[in-house]
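Trainee: Supplied structure: upload.txt, compact mmCIF, C-alpha atoms.
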```txt
# COMPACT_ATOMS: atom_id res chain seq x y z
CA MET A 1 114.59 -34.05 -34.17
CA GLU A 2 113.31 -30.59 -33.35
CA GLU A 3 109.62 -30.32 -32.63
CA THR A 4 107.73 -28.33 -35.25
CA ILE A 5 105.34 -25.82 -33.72
CA ASP A 6 102.55 -24.57 -35.91
CA PRO A 7 102.00 -20.80 -35.82
CA PRO A 8 98.93 -19.78 -33.82
CA GLU A 9 95.70 -19.25 -35.67
CA PRO A 10 94.97 -15.55 -36.26
CA LEU A 11 92.36 -14.08 -33.92
CA LEU A 12 90.51 -12.69 -36.92
CA PRO A 13 91.02 -14.80 -40.04
CA PRO A 14 91.40 -12.76 -43.22
CA ALA A 15 88.54 -12.73 -45.67
CA SER A 16 88.76 -15.41 -48.34
CA HIS A 17 88.88 -14.71 -52.07
CA ASN A 18 85.28 -15.90 -52.37
CA GLN A 19 84.15 -13.51 -49.62
CA THR A 20 85.91 -10.61 -51.31
CA LYS A 21 84.39 -11.48 -54.67
CA ALA A 22 80.91 -11.82 -53.17
CA LEU A 23 81.26 -8.43 -51.48
CA GLU A 24 82.26 -6.82 -54.78
CA THR A 25 79.21 -8.30 -56.51
CA GLN A 26 76.97 -7.04 -53.72
CA LEU A 27 78.43 -3.52 -53.86
CA LEU A 28 78.55 -3.19 -57.64
CA GLY A 29 75.13 -4.73 -58.19
CA GLY A 30 76.35 -7.59 -60.34
CA GLU A 31 79.30 -9.11 -62.16
CA ARG A 32 81.65 -6.98 -64.28
CA THR A 33 80.41 -7.91 -67.75
CA LEU A 34 80.59 -4.65 -69.73
CA ARG A 35 83.37 -2.69 -71.43
CA ARG A 36 83.38 1.10 -71.30
CA ARG A 37 82.31 1.54 -74.94
CA GLU A 38 79.38 -0.80 -74.38
CA VAL A 39 78.22 1.22 -71.38
CA ALA A 40 78.49 4.52 -73.26
CA ALA A 41 76.69 3.10 -76.31
CA GLY A 42 73.94 1.67 -74.13
CA VAL A 43 73.18 5.17 -72.85
CA GLY A 44 73.58 6.77 -76.27
CA VAL A 45 76.55 9.03 -75.52
CA SER A 46 80.09 9.22 -76.81
CA LEU A 47 82.90 7.58 -74.89
CA LEU A 48 84.34 11.07 -74.32
CA SER A 49 81.15 12.23 -72.58
CA ALA A 50 80.99 9.07 -70.48
CA ARG A 51 84.63 9.46 -69.45
CA LYS A 52 83.98 13.04 -68.27
CA ILE A 53 81.32 11.74 -65.91
CA TRP A 54 83.45 8.82 -64.70
CA ARG A 55 86.41 11.13 -64.06
CA ALA A 56 84.13 13.45 -62.08
CA MET A 57 83.03 10.44 -60.04
CA GLY A 58 86.68 9.67 -59.31
CA PHE A 59 87.07 6.47 -61.36
CA PRO A 60 90.55 5.54 -62.65
CA ASN A 61 91.33 5.23 -66.36
CA ILE A 62 90.15 1.93 -67.80
CA GLY A 63 91.21 0.28 -71.06
CA ASP A 64 88.91 -0.48 -73.98
CA GLU A 65 89.07 -4.23 -73.41
CA ASP A 66 88.70 -4.19 -69.64
CA MET A 67 85.53 -5.81 -68.30
CA ALA A 68 85.14 -3.16 -65.61
CA PHE A 69 81.45 -2.25 -65.56
CA THR A 70 78.14 -3.76 -64.52
CA PRO A 71 74.58 -2.99 -65.65
CA ARG A 72 74.28 -0.83 -62.53
CA ASP A 73 77.07 1.41 -63.88
CA GLN A 74 75.06 1.87 -67.05
CA GLU A 75 71.96 2.79 -65.05
CA ALA A 76 73.92 5.38 -63.06
CA LEU A 77 75.35 6.92 -66.22
CA GLN A 78 71.85 7.05 -67.66
CA ILE A 79 70.65 9.07 -64.64
CA VAL A 80 73.23 11.80 -65.24
CA VAL A 81 72.65 11.88 -69.00
CA THR A 82 68.87 12.06 -68.57
CA MET A 83 69.13 15.07 -66.25
CA VAL A 84 71.10 16.91 -68.94
CA ARG A 85 68.83 15.83 -71.81
CA GLU A 86 65.70 16.90 -69.94
CA GLY A 87 67.19 20.30 -69.16
CA LEU A 88 67.31 19.79 -65.40
CA LEU A 89 71.06 20.47 -65.41
CA THR A 90 73.56 21.82 -67.90
CA GLU A 91 76.42 19.49 -68.76
CA GLU A 92 78.85 21.63 -66.76
CA THR A 93 76.59 21.61 -63.70
CA ALA A 94 76.01 17.86 -64.01
CA ILE A 95 79.78 17.29 -63.98
CA SER A 96 80.14 19.53 -60.92
CA VAL A 97 77.31 17.80 -59.04
CA THR A 98 78.70 14.39 -59.96
CA ARG A 99 82.15 15.42 -58.74
CA SER A 100 80.65 16.48 -55.41
CA ILE A 101 79.08 13.05 -55.00
CA GLY A 102 82.30 11.27 -55.97
CA GLN A 103 84.55 13.24 -53.65
CA MET A 104 82.25 13.20 -50.64
CA THR A 105 81.41 9.49 -50.87
CA ASP A 106 85.09 8.65 -51.37
CA ARG A 107 86.00 10.41 -48.11
CA MET A 108 82.99 8.88 -46.37
CA ALA A 109 83.87 5.33 -47.46
CA VAL A 110 87.50 5.71 -46.33
CA TRP A 111 86.33 7.18 -43.00
CA GLN A 112 83.92 4.29 -42.39
CA ILE A 113 86.47 1.62 -43.26
CA GLU A 114 89.04 3.23 -40.96
CA ALA A 115 86.46 3.31 -38.15
CA LEU A 116 85.77 -0.42 -38.63
CA VAL A 117 89.49 -1.22 -38.68
CA GLU A 118 90.06 0.77 -35.49
CA ASP A 119 87.16 -1.03 -33.81
CA LEU A 120 88.65 -4.44 -34.65
CA VAL A 121 92.06 -3.36 -33.36
CA VAL A 122 90.63 -2.12 -30.06
CA GLU A 123 88.05 -4.85 -29.44
CA HIS A 124 90.11 -7.87 -30.54
CA GLY A 125 93.65 -6.69 -29.85
CA VAL A 126 94.85 -7.50 -33.36
CA SER A 127 97.33 -5.53 -35.44
CA ASP A 128 96.25 -2.89 -37.91
CA ALA A 129 97.27 -5.15 -40.81
CA GLU A 130 95.20 -8.09 -39.48
CA ALA A 131 92.20 -5.83 -38.97
CA ARG A 132 92.38 -4.54 -42.54
CA ARG A 133 92.47 -8.08 -43.92
CA ALA A 134 89.51 -9.10 -41.78
CA VAL A 135 87.26 -6.06 -42.20
CA VAL A 136 85.81 -7.40 -45.46
CA SER A 137 83.96 -10.00 -43.41
CA GLU A 138 82.29 -7.26 -41.36
CA LEU A 139 80.95 -5.23 -44.26
CA PRO A 140 78.17 -7.31 -45.89
CA ASN A 141 75.77 -6.89 -42.95
CA LEU A 142 76.46 -3.16 -42.71
CA ILE A 143 75.88 -2.09 -46.31
CA ALA A 144 72.07 -1.86 -46.20
CA PRO A 145 71.72 0.05 -42.89
CA LEU A 146 74.57 2.42 -43.77
CA GLU A 147 72.98 3.08 -47.16
CA GLU A 148 69.68 3.95 -45.48
CA LEU A 149 71.43 6.33 -43.11
CA LEU A 150 73.24 7.95 -46.03
CA ILE A 151 69.98 8.71 -47.86
CA TYR A 152 68.34 9.96 -44.67
CA SER A 153 71.28 12.23 -43.84
CA TYR A 154 71.50 13.53 -47.41
CA ARG A 155 67.88 14.67 -47.35
CA ARG A 156 68.27 16.32 -43.96
CA GLN A 157 71.47 18.08 -45.01
CA LEU A 158 69.97 19.18 -48.31
CA ASN A 159 67.04 20.72 -46.43
CA ALA A 160 69.44 22.47 -44.04
CA GLY A 161 71.33 23.80 -47.05
CA VAL A 162 68.16 25.17 -48.57
CA GLN A 163 67.37 26.95 -45.31
CA ARG A 164 70.86 28.44 -45.10
CA LEU A 165 71.36 29.44 -48.71
CA ALA A 166 67.88 30.41 -49.85
CA VAL A 167 65.19 30.93 -47.23
CA ARG A 168 67.37 33.05 -44.91
CA ALA A 169 69.72 34.53 -47.51
CA GLU A 170 68.08 37.96 -47.70
CA GLU A 171 67.73 38.16 -43.94
CA GLY A 172 71.42 37.35 -43.57
CA LEU A 173 72.48 39.97 -46.10
CA ALA A 174 70.43 42.61 -44.31
CA SER A 175 71.99 41.76 -40.96
CA SER A 176 75.45 41.73 -42.53
CA GLU A 177 75.34 45.53 -42.66
CA LEU A 178 76.01 45.55 -38.91
CA GLY A 179 79.28 47.38 -38.27
CA ARG A 180 80.00 47.94 -41.99
CA ASP A 181 80.12 50.98 -44.25
CA GLY A 182 79.82 49.17 -47.62
CA ASP A 183 83.42 49.71 -48.75
CA GLU A 184 84.77 46.39 -47.45
CA ASP A 185 86.65 44.04 -49.79
CA ASP A 186 83.99 41.35 -49.39
CA ALA A 187 81.03 43.65 -50.14
CA PRO A 188 80.31 42.13 -53.61
CA LEU A 189 80.11 38.56 -52.25
CA PRO A 190 76.64 37.05 -51.88
CA LEU A 191 76.44 35.28 -48.50
CA ALA A 192 76.59 36.82 -45.02
CA ARG A 193 78.42 34.46 -42.70
CA ALA A 194 80.40 34.35 -39.49
CA VAL A 195 83.58 32.47 -40.39
CA GLY A 196 85.79 30.89 -37.74
CA PHE A 197 88.96 28.83 -37.39
CA ALA A 198 90.08 26.74 -34.41
CA ASP A 199 93.71 25.63 -34.41
CA LEU A 200 95.31 23.23 -31.90
CA VAL A 201 98.38 24.67 -30.17
CA SER A 202 101.70 22.78 -30.58
CA TYR A 203 100.10 20.07 -32.70
CA THR A 204 103.20 19.54 -34.87
CA SER A 205 105.55 18.96 -31.94
CA LEU A 206 102.99 16.77 -30.17
CA SER A 207 102.44 14.59 -33.25
CA ARG A 208 106.18 13.85 -33.46
CA ARG A 209 106.18 12.47 -29.92
CA MET A 210 102.97 10.46 -30.14
CA ASN A 211 102.58 6.90 -31.34
CA GLU A 212 100.07 6.06 -34.06
CA LYS A 213 97.18 5.15 -31.75
CA THR A 214 97.54 8.21 -29.54
CA LEU A 215 97.75 10.57 -32.50
CA ALA A 216 94.67 8.97 -34.10
CA ARG A 217 92.80 9.36 -30.82
CA LEU A 218 93.80 13.03 -30.54
CA VAL A 219 92.72 13.87 -34.10
CA GLN A 220 89.43 12.02 -33.72
CA ARG A 221 88.64 13.61 -30.37
CA PHE A 222 89.44 17.08 -31.69
CA GLU A 223 87.12 16.68 -34.67
CA ASN A 224 84.35 15.11 -32.56
CA VAL A 225 84.41 17.92 -29.99
CA CYS A 226 84.45 20.59 -32.69
CA ALA A 227 81.68 18.95 -34.70
CA GLU A 228 79.38 18.70 -31.68
CA ILE A 229 79.89 22.31 -30.59
CA ILE A 230 79.50 23.70 -34.10
CA SER A 231 76.35 21.64 -34.67
CA VAL A 232 74.77 22.64 -31.35
CA GLY A 233 75.57 26.28 -32.10
CA GLY A 234 73.74 26.10 -35.44
CA GLY A 235 76.88 26.29 -37.55
CA ARG A 236 78.41 24.16 -40.28
CA LEU A 237 81.78 22.43 -40.09
CA VAL A 238 83.17 23.29 -43.53
CA LYS A 239 86.31 21.16 -43.29
CA THR A 240 88.98 19.76 -41.02
CA ILE A 241 92.63 20.06 -41.99
CA GLY A 242 94.69 18.06 -39.51
CA ASP A 243 94.90 20.30 -36.46
CA GLU A 244 92.48 22.94 -37.70
CA VAL A 245 88.75 23.28 -38.32
CA LEU A 246 86.95 25.85 -40.45
CA PHE A 247 83.31 26.59 -39.65
CA ASN A 248 80.66 29.14 -40.53
CA CYS A 249 77.22 30.18 -39.30
CA GLU A 250 74.55 32.74 -40.09
CA THR A 251 74.92 35.41 -37.42
CA PRO A 252 77.80 37.06 -35.55
CA VAL A 253 76.24 36.05 -32.22
CA ALA A 254 76.18 32.37 -33.22
CA GLY A 255 79.78 32.66 -34.42
CA ALA A 256 80.84 34.23 -31.13
CA GLN A 257 79.12 31.56 -29.03
CA ILE A 258 80.65 28.73 -31.04
CA SER A 259 84.12 30.31 -30.93
CA LEU A 260 84.08 30.78 -27.17
CA SER A 261 82.76 27.26 -26.60
CA LEU A 262 85.50 25.78 -28.79
CA ALA A 263 88.25 27.59 -26.89
CA GLU A 264 86.72 26.64 -23.53
CA ALA A 265 86.21 23.00 -24.48
CA MET A 266 89.84 22.53 -25.57
CA ALA A 267 91.12 24.24 -22.43
CA ALA A 268 88.98 21.99 -20.22
CA ASP A 269 89.93 18.75 -22.00
CA ASP A 270 92.77 16.91 -20.24
CA PHE A 271 93.77 15.08 -23.41
CA LEU A 272 93.62 17.88 -26.01
CA PRO A 273 95.98 20.86 -26.11
CA GLU A 274 94.53 24.36 -26.03
CA ALA A 275 93.28 26.00 -29.21
CA ARG A 276 93.65 29.37 -30.86
CA VAL A 277 90.32 30.58 -32.24
CA ALA A 278 89.36 33.51 -34.47
CA MET A 279 86.03 34.58 -35.98
CA VAL A 280 85.14 37.24 -38.56
CA TRP A 281 81.66 38.43 -39.61
CA GLY A 282 81.45 39.26 -43.30
CA ARG A 283 80.49 37.94 -46.70
CA VAL A 284 81.73 34.86 -48.49
CA LEU A 285 81.47 32.92 -51.73
CA SER A 286 80.32 29.31 -51.35
CA ARG A 287 81.58 26.88 -53.98
CA LEU A 288 82.45 23.16 -54.11
CA GLY A 289 81.34 22.70 -50.50
CA ASP A 290 83.94 25.24 -49.34
CA ILE A 291 83.90 28.99 -48.67
CA TYR A 292 86.15 31.69 -50.09
CA GLY A 293 86.87 35.38 -49.81
CA PRO A 294 88.66 38.00 -47.68
CA THR A 295 86.55 37.12 -44.65
CA VAL A 296 87.94 33.57 -44.65
CA ASN A 297 91.50 34.80 -45.16
CA LEU A 298 91.27 37.34 -42.34
CA ALA A 299 89.89 34.75 -39.92
CA ALA A 300 92.84 32.50 -40.75
CA ARG A 301 95.34 35.35 -40.18
CA LEU A 302 93.77 36.29 -36.84
CA THR A 303 93.96 32.67 -35.68
CA SER A 304 97.74 32.77 -35.94
CA LEU A 305 97.77 35.93 -33.79
CA ALA A 306 95.58 34.54 -31.01
CA GLU A 307 97.08 33.37 -27.73
CA PRO A 308 96.37 29.78 -26.66
CA GLY A 309 92.88 29.44 -25.22
CA THR A 310 91.64 32.79 -26.57
CA VAL A 311 89.32 34.05 -29.32
CA LEU A 312 90.15 37.00 -31.57
CA ILE A 313 87.75 38.98 -33.77
CA ASP A 314 88.22 42.06 -35.95
CA SER A 315 86.80 45.54 -35.36
CA VAL A 316 83.87 45.07 -37.78
CA THR A 317 82.80 41.90 -35.98
CA ALA A 318 83.26 43.67 -32.64
CA SER A 319 80.91 46.47 -33.82
CA ALA A 320 78.26 43.85 -34.61
CA LEU A 321 78.55 42.45 -31.05
CA THR A 322 78.71 45.78 -29.19
CA ASN A 323 76.07 46.26 -26.47
CA ASP A 324 75.48 42.50 -26.24
CA ASP A 325 76.15 41.71 -22.57
CA ARG A 326 76.81 38.04 -23.38
CA PHE A 327 80.26 39.09 -24.61
CA VAL A 328 83.18 41.09 -23.28
CA LEU A 329 85.24 42.93 -25.91
CA THR A 330 88.82 44.03 -25.18
CA GLN A 331 90.66 46.15 -27.74
CA LEU A 332 94.21 44.93 -28.43
CA PRO A 333 97.15 46.79 -30.02
CA VAL A 334 97.08 47.23 -33.80
CA GLU A 335 98.80 44.44 -35.74
CA ASN A 336 100.18 44.48 -39.25
CA VAL A 337 98.49 41.52 -40.92
CA ARG A 338 99.84 40.13 -44.19
CA GLY A 339 97.48 40.99 -47.04
CA PHE A 340 95.33 43.28 -44.90
CA GLY A 341 97.67 45.93 -43.54
CA GLU A 342 96.95 47.31 -40.09
CA ILE A 343 94.19 45.43 -38.25
CA ALA A 344 92.87 46.22 -34.77
CA PRO A 345 92.17 42.79 -33.23
CA VAL A 346 89.67 42.48 -30.40
CA LEU A 347 89.78 39.84 -27.68
CA LEU A 348 86.40 38.16 -27.31
CA GLY A 349 85.45 37.03 -23.80
CA ARG A 350 82.47 35.47 -22.08
CA GLY A 351 79.98 37.91 -20.54
CA LYS A 352 76.61 37.18 -18.97
CA GLY A 353 74.71 33.98 -19.64
CA GLN A 354 75.60 30.33 -19.87
CA GLY A 355 76.64 30.06 -23.51
CA LEU A 356 76.17 26.88 -25.52
CA VAL A 357 75.13 23.73 -23.68
CA VAL A 358 76.51 20.56 -25.26
CA ASP A 359 74.84 17.61 -23.54
```
Could you spell out this file's structure in structure tokens?
Mentor:
Amino acid sequence: MEETIDPPEPLLPPASHNQTKALETQLLGGERTLRRREVAAGVGVSLLSARKIWRAMGFPNIGDEDMAFTPRDQEALQIVVTMVREGLLTEETAISVTRSIGQMTDRMAVWQIEALVEDLVVEHGVSDAEARRAVVSELPNLIAPLEELLIYSYRRQLNAGVQRLAVRAEEGLASSELGRDGDEDDAPLPLARAVGFADLVSYTSLSRRMNEKTLARLVQRFENVCAEIISVGGGRLVKTIGDEVLFNCETPVAGAQISLSLAEAMAADDFLPEARVAMVWGRVLSRLGDIYGPTVNLAARLTSLAEPGTVLIDSVTASALTNDDRFVLTQLPVENVRGFGEIAPVLLGRGKGQGLVVD
């Protein structure tokens, strides 16, 4: 008779059904006891109006007979409806604001879960699949402190947004006349911003040769380094798209300092490849947490022209930085840039002074 050997116990046992159910109750604020029509009726709105709000929040379609909602869902719907009824927001604006909350918290939740999974993989040496099955057990003790941090960060970020978009708006528009004659394509746009891109060199070929863990480490390190430099420089990281970051800030000098620091940091990092960086000073439209306009498009085009480890700017941005001995400006040959025609790029270099200090 062959000896039967039991499989080894998993290092991190997966969460039980009861644990998963308890976590859902904790997160949703109660049991699912309400149908969608009952929630809408409880708030005094049509099902169509309620569905608009739920879609904006990112909820999937739910059938009439599905017990999918809790009293907390009804309270949340009431908050949105009350803001519209009291005239604090129009219905269109309420939908837009709700969509911003849904999209941002969705990305945040995925990011946090991935971070917890990665921690379990590294600390316990388990597989990714085992870590995902076990992470439910880690969450209950983290919900309250993470929720507190979320509210704290939201208030700080909202205040920073007020400072950027309102208090210093007129000052920024006045300074945006530097190096401009008023005939630029972006002249009608409301916000003066330095817009920059940083793009990792050879990312596509590198990603094909890397295993999953190494690629994840590269992407995370790239975003962490960029986020720190942009934050220290007084800028805002608008978004990360794989091997590229888009940022903006309020003055051409701040944009130049951030751009040079990004290029220098990538070049000095033994793990990360070098980066191409470009920055343009102009005006933008800010919507949906993103920025738009010719300034953004030109910065993206210049990034593709930059050599690894260098920073390119356009002639208007160069005019705004002229006579500032913190920077060295080198005129490059004229390039034909798609959508912009002939552009005279300028190589931005480090002049006097230390630059940004990221401690």
Trainee: As a PyMOL selection string, please: the residues near range 344-349 of chain A (cut-off 8 Å, all atoms listed in the file, same-chain neighbours under 2 positions excluded).
Mentor: chain A and resi 256+260+302+310-315+318+327-335+342+351
Trainee: For CA of Leu206 in chain A and CA of Glu244 in chain A, determine how far apart the two atoms are, in Å to one decimal place.
Mentor: 14.3 Å
Trainee: Might you pull out every residue within 7 Å of range 190-200 of chain A, with only C-alpha atoms counted and same-chain residues fewer than 5 positions away left off, and present them as a PyMOL selection string?
Mentor: chain A and resi 169+172-173+176+243-252+255+273-285+295-296+299-300+303
Trainee: Smallest atom-to-atom distance to Ala115 in chain A: which of A:Leu139, A:Asp66, A:Asp290, A:Ser100, using all atoms listed in the file?
Mentor: A:Leu139
Trainee: Using the file's own x, y and z axes, what box holds all listed atoms of range 199-208 of chain A with 6 Å on each side, keeping edges along x, y and z, and what are its centre and edge lengths in Å to one decimal, as AutoDock Vina command-line options?
Mentor:
```
--center_x 99.9 --center_y 19.7 --center_z -32.5 --size_x 24.5 --size_y 23.8 --size_z 16.7
```
Trainee: Which value, in Å to one decimal, gives the distance between CA of Asn18 in chain A and CA of Pro140 in chain A?
Mentor: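 We find that CA of Asn18 in chain A and CA of Pro140 in chain A lie 12.9 Å from each other.
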